[in-house]
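The file coords.csv contains CSV, C-alpha atoms and all ligand atoms:
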chain,number,residue,atom,x,y,z
A,917,MET,CA,-1.9,4.6,27.8
A,918,THR,CA,-5.0,6.7,26.9
A,919,THR,CA,-7.1,6.4,23.8
A,920,VAL,CA,-6.2,8.4,20.8
A,921,ASN,CA,-8.0,11.8,20.6
A,922,THR,CA,-11.1,12.3,18.5
A,923,SER,CA,-9.6,14.2,15.6
A,924,LEU,CA,-6.6,11.8,15.4
A,925,LEU,CA,-9.0,8.9,15.5
A,926,ASP,CA,-10.9,10.4,12.5
A,927,ALA,CA,-7.7,10.7,10.6
A,928,PHE,CA,-6.8,7.1,11.5
A,929,ASN,CA,-10.1,5.8,10.3
A,930,ARG,CA,-9.7,7.7,7.0
A,931,HIS,CA,-6.2,6.3,6.6
A,932,ILE,CA,-7.4,2.7,7.3
A,933,ASN,CA,-9.8,3.3,4.4
A,934,ALA,CA,-7.0,4.5,2.2
A,935,GLU,CA,-5.0,1.3,2.9
A,936,PHE,CA,-8.0,-0.8,2.0
A,937,TYR,CA,-8.5,1.2,-1.1
A,938,SER,CA,-4.8,0.6,-2.0
A,939,SER,CA,-5.4,-3.1,-1.6
A,940,TYR,CA,-8.5,-2.9,-3.8
A,941,LEU,CA,-6.6,-0.8,-6.4
A,942,TYR,CA,-3.7,-3.3,-6.7
A,943,LEU,CA,-6.1,-6.2,-6.9
A,944,SER,CA,-7.8,-4.5,-9.8
A,945,MET,CA,-4.4,-3.9,-11.4
A,946,SER,CA,-3.6,-7.6,-10.8
A,947,THR,CA,-6.7,-8.7,-12.7
A,948,TYR,CA,-5.8,-6.3,-15.6
A,949,CYS,CA,-2.3,-7.7,-15.8
A,950,ASP,CA,-3.8,-11.2,-15.9
A,951,SER,CA,-6.1,-10.1,-18.7
A,952,ILE,CA,-3.1,-9.0,-20.9
A,953,ASP,CA,-1.2,-12.2,-20.3
A,954,LEU,CA,1.3,-11.0,-17.8
A,955,PRO,CA,0.9,-13.5,-15.0
A,956,GLY,CA,4.1,-12.5,-13.3
A,957,PHE,CA,2.9,-8.9,-13.0
A,958,ALA,CA,-0.5,-10.1,-11.9
A,959,HIS,CA,1.1,-12.2,-9.1
A,960,TRP,CA,3.3,-9.2,-8.1
A,961,MET,CA,0.2,-6.9,-7.9
A,962,ARG,CA,-1.7,-9.5,-5.9
A,963,VAL,CA,1.1,-9.7,-3.4
A,964,GLN,CA,1.1,-5.9,-3.3
A,965,SER,CA,-2.7,-6.0,-2.6
A,966,GLU,CA,-2.2,-8.4,0.2
A,967,GLU,CA,0.6,-6.3,1.7
A,968,GLU,CA,-1.8,-3.3,1.7
A,969,TYR,CA,-4.3,-5.4,3.6
A,970,THR,CA,-1.7,-6.1,6.2
A,971,HIS,CA,-1.0,-2.3,6.5
A,972,ALA,CA,-4.6,-1.7,7.2
A,973,MET,CA,-4.6,-4.4,9.8
A,974,LYS,CA,-1.5,-2.9,11.5
A,975,PHE,CA,-3.5,0.3,12.0
A,976,ILE,CA,-6.5,-1.6,13.3
A,977,ASP,CA,-4.4,-3.6,15.8
A,978,TYR,CA,-2.7,-0.4,17.0
A,979,LEU,CA,-6.0,1.4,17.6
A,980,GLU,CA,-7.4,-1.7,19.4
A,981,ASP,CA,-4.3,-1.8,21.6
A,982,ARG,CA,-5.0,1.9,22.4
A,983,ASP,CA,-8.6,1.0,23.3
A,984,SER,CA,-9.9,3.2,20.5
A,985,ARG,CA,-12.9,2.3,18.3
A,986,VAL,CA,-12.2,1.7,14.7
A,987,SER,CA,-14.9,2.8,12.1
A,988,LEU,CA,-14.7,1.1,8.7
A,989,LEU,CA,-15.7,3.5,5.9
A,990,PRO,CA,-16.9,2.5,2.4
A,991,ILE,CA,-14.2,1.6,-0.1
A,992,GLU,CA,-14.3,3.5,-3.4
A,993,GLN,CA,-14.3,1.6,-6.6
A,994,PRO,CA,-10.8,1.5,-8.2
A,995,PRO,CA,-10.2,1.9,-12.0
A,996,ILE,CA,-10.7,-1.3,-13.9
A,997,GLU,CA,-9.0,-0.6,-17.2
A,998,PHE,CA,-5.5,0.6,-17.8
A,999,ASP,CA,-3.5,1.6,-21.0
A,1000,SER,CA,-0.6,-0.8,-20.5
A,1001,VAL,CA,1.5,-2.4,-17.8
A,1002,GLU,CA,3.7,0.8,-17.9
A,1003,ASP,CA,0.5,2.7,-17.1
A,1004,VAL,CA,-0.2,0.4,-14.2
A,1005,MET,CA,3.3,0.9,-12.7
A,1006,ARG,CA,3.1,4.7,-13.2
A,1007,GLN,CA,-0.2,4.9,-11.5
A,1008,THR,CA,1.2,2.7,-8.7
A,1009,LEU,CA,4.1,5.2,-8.2
A,1010,ALA,CA,1.7,8.1,-8.2
A,1011,HIS,CA,-0.6,6.3,-5.7
A,1012,GLU,CA,2.3,5.5,-3.4
A,1013,GLN,CA,3.4,9.2,-3.5
A,1014,HIS,CA,-0.1,10.1,-2.5
A,1015,VAL,CA,-0.1,7.6,0.4
A,1016,THR,CA,3.3,9.0,1.6
A,1017,GLY,CA,1.6,12.4,1.8
A,1018,LEU,CA,-1.2,10.8,3.9
A,1019,ILE,CA,1.2,9.2,6.3
A,1020,ASN,CA,3.0,12.5,6.7
A,1021,ASP,CA,-0.3,14.2,7.4
A,1022,LEU,CA,-1.1,11.6,10.0
A,1023,TYR,CA,2.3,12.1,11.6
A,1024,GLY,CA,1.6,15.8,11.7
A,1025,ALA,CA,-1.8,15.2,13.3
A,1026,ALA,CA,-0.1,12.9,15.9
A,1027,THR,CA,2.5,15.6,16.6
A,1028,ASN,CA,-0.2,18.3,17.0
A,1029,ALA,CA,-2.0,16.0,19.4
A,1030,GLY,CA,1.2,15.4,21.4
A,1031,ASP,CA,0.7,11.7,20.9
A,1032,TYR,CA,4.2,10.3,21.1
A,1033,ALA,CA,3.2,6.6,20.9
A,1034,THR,CA,1.5,7.2,17.6
A,1035,GLN,CA,4.5,9.1,16.2
A,1036,ILE,CA,6.7,6.1,17.1
A,1037,MET,CA,4.2,3.7,15.5
A,1038,LEU,CA,4.1,5.8,12.3
A,1039,GLN,CA,7.9,5.7,11.9
A,1040,TRP,CA,7.6,2.1,10.5
A,1041,PHE,CA,5.2,3.5,7.8
A,1042,VAL,CA,7.4,6.5,7.0
A,1043,THR,CA,10.3,4.0,6.2
A,1044,GLU,CA,8.0,1.6,4.4
A,1045,GLN,CA,6.9,4.4,2.0
A,1046,ILE,CA,10.5,5.1,1.0
A,1047,GLU,CA,10.7,1.4,0.0
A,1048,GLU,CA,7.3,1.4,-1.7
A,1049,GLU,CA,8.2,4.4,-3.9
A,1050,LYS,CA,11.6,3.0,-4.7
A,1051,THR,CA,10.2,-0.4,-5.8
A,1052,ALA,CA,7.7,1.2,-8.1
A,1053,ARG,CA,10.4,3.4,-9.7
A,1054,ASP,CA,12.7,0.4,-10.2
A,1055,VAL,CA,9.9,-1.5,-12.0
A,1056,ILE,CA,9.2,1.5,-14.2
A,1057,ALA,CA,12.9,1.7,-15.1
A,1058,ALA,CA,13.0,-2.0,-15.9
A,1059,LEU,CA,9.9,-1.6,-18.2
A,1060,GLU,CA,11.6,1.3,-20.0
A,1061,MET,CA,14.6,-0.9,-20.6
A,1062,VAL,CA,12.6,-3.7,-22.2
A,1063,LYS,CA,10.3,-1.4,-24.2
A,1064,GLY,CA,9.4,-3.0,-27.6
A,1065,ARG,CA,11.1,-6.3,-26.8
A,1066,SER,CA,8.6,-9.0,-26.0
A,1067,ASP,CA,11.2,-11.6,-25.2
A,1068,ALA,CA,12.7,-9.3,-22.6
A,1069,LEU,CA,9.2,-8.4,-21.2
A,1070,LEU,CA,8.6,-12.1,-20.9
A,1071,LEU,CA,11.7,-12.5,-18.8
A,1072,LEU,CA,10.8,-9.5,-16.6
A,1073,ASP,CA,7.3,-10.9,-16.2
A,1074,ARG,CA,8.9,-14.2,-14.9
A,1075,GLU,CA,11.0,-12.2,-12.5
A,1076,MET,CA,8.0,-10.3,-11.2
A,1077,GLY,CA,6.3,-13.7,-10.7
A,1078,ALA,CA,9.0,-14.7,-8.2
A,1079,ARG,CA,7.9,-12.1,-5.6
A,1080,PRO,CA,7.4,-13.9,-2.2
A,1081,ALA,CA,4.0,-13.8,-0.6
A,1082,ALA,CA,3.3,-10.9,1.8
A,1083,SER,CA,4.3,-11.5,5.4
A,1084,PRO,CA,1.5,-13.0,7.5
A,1085,ILE,CA,-0.2,-10.6,9.9
A,1086,ALA,CA,1.1,-10.9,13.5
A,1087,THR,CA,-2.1,-10.5,15.4
A,1088,ASP,CA,-2.4,-7.9,18.1
A,1089,THR,CA,1.3,-6.9,18.1
A,1090,ALA,CA,1.4,-6.3,14.4
A,1091,THR,CA,2.5,-2.7,14.9
A,1092,THR,CA,6.1,-3.9,15.4
A,1093,ALA,CA,6.2,-6.5,12.6
B,1101,LIG,FE1,0.3,0.9,2.5
B,1101,LIG,FE2,1.7,1.0,-0.3
B,1101,LIG,O1,1.4,1.8,1.3
Go ahead and render the structure in this file as structure tokens.
Ligand code: FEO
Amino acid sequence: MTTVNTSLLDAFNRHINAEFYSSYLYLSMSTYCDSIDLPGFAHWMRVQSEEEYTHAMKFIDYLEDRDSRVSLLPIEQPPIEFDSVEDVMRQTLAHEQHVTGLINDLYGAATNAGDYATQIMLQWFVTEQIEEEKTARDVIAALEMVKGRSDALLLLDREMGARPAASPIATDTATTA
């Protein structure tokens, strides 16, 4: 298997940066949720942040398996303040929709490069993005249902706090995890 071509490698490096930014963004959201006394949402966002880190690592493992050199780019500062937990979840959905677009662009670049292995590897992410968007939409719907009822919000927060930890990174072969 040959290394990935230069323009595809550039796109990969930018995408790895976007996954690390996602991790940073969700960690920032987690600290915000903690600051407004929603520990369950804070936990959920921290798990989300860890999951984004594993996404970045899947890309890194894949490029290393392809004998291609990864370049880590600077990570932009995420927003620190949010209007409410609803605002957090709406920004999460918007961000995931943005990431879906980036994955699709990467798939397009792999197709243009005739890189079939990368197209297959990206299929996991294409499916994952459907799940990521659905989850954010479901939480927004739940928040709309509990609007104005602090007792119900407390229960929802408890439910969010039950999210299991992100799967550990399977080193080297993580692209199939
Ligand atoms: Fe790595 Fe939430 O997409």
**Q.** From A:Ser946, A:Leu1038, A:Leu1059, A:Phe928, residue lying nearest His959 (chain A) [all atoms listed in the file]
**A.**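 Of the candidates, the smallest distance to His959 (chain A) is held by A:Ser946.
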Q | Within 8 Å of ligand LIG 1101 (chain B), counting only C-alpha atoms and all ligand atoms, residues as a list in words | A |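 Going residue by residue within 8 Å of ligand LIG 1101 (chain B), we get Glu935, Ser938, Gln964, Glu967, Glu968, Tyr969, His971, Ala972, His1011, Glu1012, Val1015, Thr1016, Phe1041, Glu1044, Gln1045 and Glu1048 of chain A.
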Q.
Report as an MDAnalysis selection string all protein, DNA and RNA residues lying within 12 Å of Pro990 (chain A), evaluated on all atoms listed in the file, omitting residues in the same chain fewer than 4 positions from it.
A. chainID A and resid 929:930 932:937 940
**Q.** Selected residue, from A:Met973, A:Ala958, A:Ala927, A:Leu989, that lies nearest to Pro1084 (chain A) when counting all atoms listed in the file
**A.** A:Met973
Q | Residue with smallest distance to Ser951 (chain A) - pool A:Ala1081, A:Leu1009, A:Val1001, A:Ile976, counting all atoms listed in the file | A |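 Ranking A:Ala1081, A:Leu1009, A:Val1001, A:Ile976 by distance to Ser951 (chain A), first place goes to A:Val1001.
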Q | Separation of CA of Tyr942 (chain A) from CA of Asp1021 (chain A) in Å | A |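 CA of Tyr942 (chain A) lies 22.7 Å from CA of Asp1021 (chain A).
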Q) What lies within 12 Å of Leu1070 (chain A) using only C-alpha atoms, ignoring chain neighbours under 4 positions off, as number ranges by chain? A) A: 953-957, 1059, 1062-1066, 1074-1077
Q: Just give me the residues with any atom within 10 Å of (-2.6, 14.6, 14.1), file coordinates, counting only C-alpha atoms, written as a ChimeraX atom specification.
A: /A:920-928,1020-1031,1034-1035
Print the selection's residues with C-alpha atoms to a file, as a short mmCIF file (atom, residue, chain, number, x, y, z; two decimals), in the frame of the given file.
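Result file is selection.cif:
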data_model
loop_
_atom_site.label_atom_id
_atom_site.label_comp_id
_atom_site.auth_asym_id
_atom_site.auth_seq_id
_atom_site.Cartn_x
_atom_site.Cartn_y
_atom_site.Cartn_z
CA VAL A 920 -6.20 8.40 20.80
CA ASN A 921 -8.00 11.80 20.60
CA THR A 922 -11.10 12.30 18.50
CA SER A 923 -9.60 14.20 15.60
CA LEU A 924 -6.60 11.80 15.40
CA LEU A 925 -9.00 8.90 15.50
CA ASP A 926 -10.90 10.40 12.50
CA ALA A 927 -7.70 10.70 10.60
CA PHE A 928 -6.80 7.10 11.50
CA ASN A 1020 3.00 12.50 6.70
CA ASP A 1021 -0.30 14.20 7.40
CA LEU A 1022 -1.10 11.60 10.00
CA TYR A 1023 2.30 12.10 11.60
CA GLY A 1024 1.60 15.80 11.70
CA ALA A 1025 -1.80 15.20 13.30
CA ALA A 1026 -0.10 12.90 15.90
CA THR A 1027 2.50 15.60 16.60
CA ASN A 1028 -0.20 18.30 17.00
CA ALA A 1029 -2.00 16.00 19.40
CA GLY A 1030 1.20 15.40 21.40
CA ASP A 1031 0.70 11.70 20.90
CA THR A 1034 1.50 7.20 17.60
CA GLN A 1035 4.50 9.10 16.20
#
Q: Could you check how far CA of Val1042 (chain A) sits from CA of Ser1083 (chain A), in Å to one decimal?
A: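 That distance, rounded to one decimal, is 18.3 Å.
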Q) What does the distance between CA of Met945 (chain A) and CA of Leu979 (chain A) come to in Å, to one decimal place? A)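 According to the coordinates, CA of Met945 (chain A) and CA of Leu979 (chain A) are separated by 29.5 Å.
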Could N, CA and C atoms be built for region 1039-1074 of chain A and written out as an mmCIF file, in the coordinates of the input?
data_model
loop_
_atom_site.group_PDB
_atom_site.id
_atom_site.type_symbol
_atom_site.label_atom_id
_atom_site.label_comp_id
_atom_site.auth_asym_id
_atom_site.auth_seq_id
_atom_site.Cartn_x
_atom_site.Cartn_y
_atom_site.Cartn_z
ATOM 1 N N GLN A 1039 6.530 5.658 12.501
ATOM 2 C CA GLN A 1039 7.900 5.700 11.900
ATOM 3 C C GLN A 1039 8.076 4.448 10.982
ATOM 4 N N TRP A 1040 7.485 3.305 11.336
ATOM 5 C CA TRP A 1040 7.600 2.100 10.500
ATOM 6 C C TRP A 1040 7.004 2.432 9.089
ATOM 7 N N PHE A 1041 5.871 3.147 9.073
ATOM 8 C CA PHE A 1041 5.200 3.500 7.800
ATOM 9 C C PHE A 1041 5.999 4.507 7.002
ATOM 10 N N VAL A 1042 6.624 5.440 7.703
ATOM 11 C CA VAL A 1042 7.400 6.500 7.000
ATOM 12 C C VAL A 1042 8.550 5.753 6.234
ATOM 13 N N THR A 1043 9.213 4.788 6.874
ATOM 14 C CA THR A 1043 10.300 4.000 6.200
ATOM 15 C C THR A 1043 9.739 3.149 5.114
ATOM 16 N N GLU A 1044 8.611 2.520 5.381
ATOM 17 C CA GLU A 1044 8.000 1.600 4.400
ATOM 18 C C GLU A 1044 7.669 2.398 3.102
ATOM 19 N N GLN A 1045 7.224 3.653 3.235
ATOM 20 C CA GLN A 1045 6.900 4.400 2.000
ATOM 21 C C GLN A 1045 8.083 4.714 1.156
ATOM 22 N N ILE A 1046 9.253 4.877 1.776
ATOM 23 C CA ILE A 1046 10.500 5.100 1.000
ATOM 24 C C ILE A 1046 10.682 3.845 0.099
ATOM 25 N N GLU A 1047 10.520 2.671 0.700
ATOM 26 C CA GLU A 1047 10.700 1.400 0.000
ATOM 27 C C GLU A 1047 9.627 1.229 -1.096
ATOM 28 N N GLU A 1048 8.381 1.568 -0.766
ATOM 29 C CA GLU A 1048 7.300 1.400 -1.700
ATOM 30 C C GLU A 1048 7.508 2.258 -2.982
ATOM 31 N N GLU A 1049 7.926 3.490 -2.782
ATOM 32 C CA GLU A 1049 8.200 4.400 -3.900
ATOM 33 C C GLU A 1049 9.360 3.885 -4.742
ATOM 34 N N LYS A 1050 10.428 3.477 -4.042
ATOM 35 C CA LYS A 1050 11.600 3.000 -4.700
ATOM 36 C C LYS A 1050 11.314 1.786 -5.604
ATOM 37 N N THR A 1051 10.558 0.840 -5.043
ATOM 38 C CA THR A 1051 10.200 -0.400 -5.800
ATOM 39 C C THR A 1051 9.463 -0.035 -7.064
ATOM 40 N N ALA A 1052 8.469 0.846 -6.959
ATOM 41 C CA ALA A 1052 7.700 1.200 -8.100
ATOM 42 C C ALA A 1052 8.585 1.889 -9.181
ATOM 43 N N ARG A 1053 9.478 2.768 -8.720
ATOM 44 C CA ARG A 1053 10.400 3.400 -9.700
ATOM 45 C C ARG A 1053 11.304 2.414 -10.353
ATOM 46 N N ASP A 1054 11.793 1.420 -9.606
ATOM 47 C CA ASP A 1054 12.700 0.400 -10.200
ATOM 48 C C ASP A 1054 11.953 -0.404 -11.262
ATOM 49 N N VAL A 1055 10.692 -0.750 -11.016
ATOM 50 C CA VAL A 1055 9.900 -1.500 -12.000
ATOM 51 C C VAL A 1055 9.692 -0.682 -13.258
ATOM 52 N N ILE A 1056 9.386 0.604 -13.075
ATOM 53 C CA ILE A 1056 9.200 1.500 -14.200
ATOM 54 C C ILE A 1056 10.476 1.553 -15.060
ATOM 55 N N ALA A 1057 11.619 1.674 -14.379
ATOM 56 C CA ALA A 1057 12.900 1.700 -15.100
ATOM 57 C C ALA A 1057 13.147 0.442 -15.871
ATOM 58 N N ALA A 1058 12.811 -0.695 -15.259
ATOM 59 C CA ALA A 1058 13.000 -2.000 -15.900
ATOM 60 C C ALA A 1058 12.084 -2.063 -17.169
ATOM 61 N N LEU A 1059 10.849 -1.569 -17.045
ATOM 62 C CA LEU A 1059 9.900 -1.600 -18.200
ATOM 63 C C LEU A 1059 10.418 -0.697 -19.312
ATOM 64 N N GLU A 1060 11.015 0.429 -18.944
ATOM 65 C CA GLU A 1060 11.600 1.300 -20.000
ATOM 66 C C GLU A 1060 12.691 0.633 -20.739
ATOM 67 N N MET A 1061 13.486 -0.158 -20.018
ATOM 68 C CA MET A 1061 14.600 -0.900 -20.600
ATOM 69 C C MET A 1061 14.165 -1.928 -21.628
ATOM 70 N N VAL A 1062 13.042 -2.597 -21.313
ATOM 71 C CA VAL A 1062 12.600 -3.700 -22.200
ATOM 72 C C VAL A 1062 11.632 -3.255 -23.266
ATOM 73 N N LYS A 1063 11.341 -1.973 -23.306
ATOM 74 C CA LYS A 1063 10.300 -1.400 -24.200
ATOM 75 C C LYS A 1063 10.475 -1.987 -25.659
ATOM 76 N N GLY A 1064 9.393 -2.506 -26.215
ATOM 77 C CA GLY A 1064 9.400 -3.000 -27.600
ATOM 78 C C GLY A 1064 10.047 -4.347 -27.789
ATOM 79 N N ARG A 1065 10.507 -4.984 -26.721
ATOM 80 C CA ARG A 1065 11.100 -6.300 -26.800
ATOM 81 C C ARG A 1065 10.320 -7.323 -26.047
ATOM 82 N N SER A 1066 9.479 -8.060 -26.750
ATOM 83 C CA SER A 1066 8.600 -9.000 -26.000
ATOM 84 C C SER A 1066 9.311 -10.091 -25.344
ATOM 85 N N ASP A 1067 10.465 -10.529 -25.880
ATOM 86 C CA ASP A 1067 11.200 -11.600 -25.200
ATOM 87 C C ASP A 1067 11.732 -11.101 -23.847
ATOM 88 N N ALA A 1068 12.215 -9.854 -23.815
ATOM 89 C CA ALA A 1068 12.700 -9.300 -22.600
ATOM 90 C C ALA A 1068 11.567 -9.043 -21.584
ATOM 91 N N LEU A 1069 10.409 -8.636 -22.107
ATOM 92 C CA LEU A 1069 9.200 -8.400 -21.200
ATOM 93 C C LEU A 1069 8.807 -9.748 -20.596
ATOM 94 N N LEU A 1070 8.913 -10.815 -21.383
ATOM 95 C CA LEU A 1070 8.600 -12.100 -20.900
ATOM 96 C C LEU A 1070 9.479 -12.531 -19.703
ATOM 97 N N LEU A 1071 10.758 -12.220 -19.836
ATOM 98 C CA LEU A 1071 11.700 -12.500 -18.800
ATOM 99 C C LEU A 1071 11.424 -11.674 -17.523
ATOM 100 N N LEU A 1072 11.129 -10.389 -17.772
ATOM 101 C CA LEU A 1072 10.800 -9.500 -16.600
ATOM 102 C C LEU A 1072 9.537 -9.990 -15.943
ATOM 103 N N ASP A 1073 8.563 -10.424 -16.735
ATOM 104 C CA ASP A 1073 7.300 -10.900 -16.200
ATOM 105 C C ASP A 1073 7.611 -12.146 -15.269
ATOM 106 N N ARG A 1074 8.526 -13.005 -15.733
ATOM 107 C CA ARG A 1074 8.900 -14.200 -14.900
ATOM 108 C C ARG A 1074 9.526 -13.743 -13.611
#
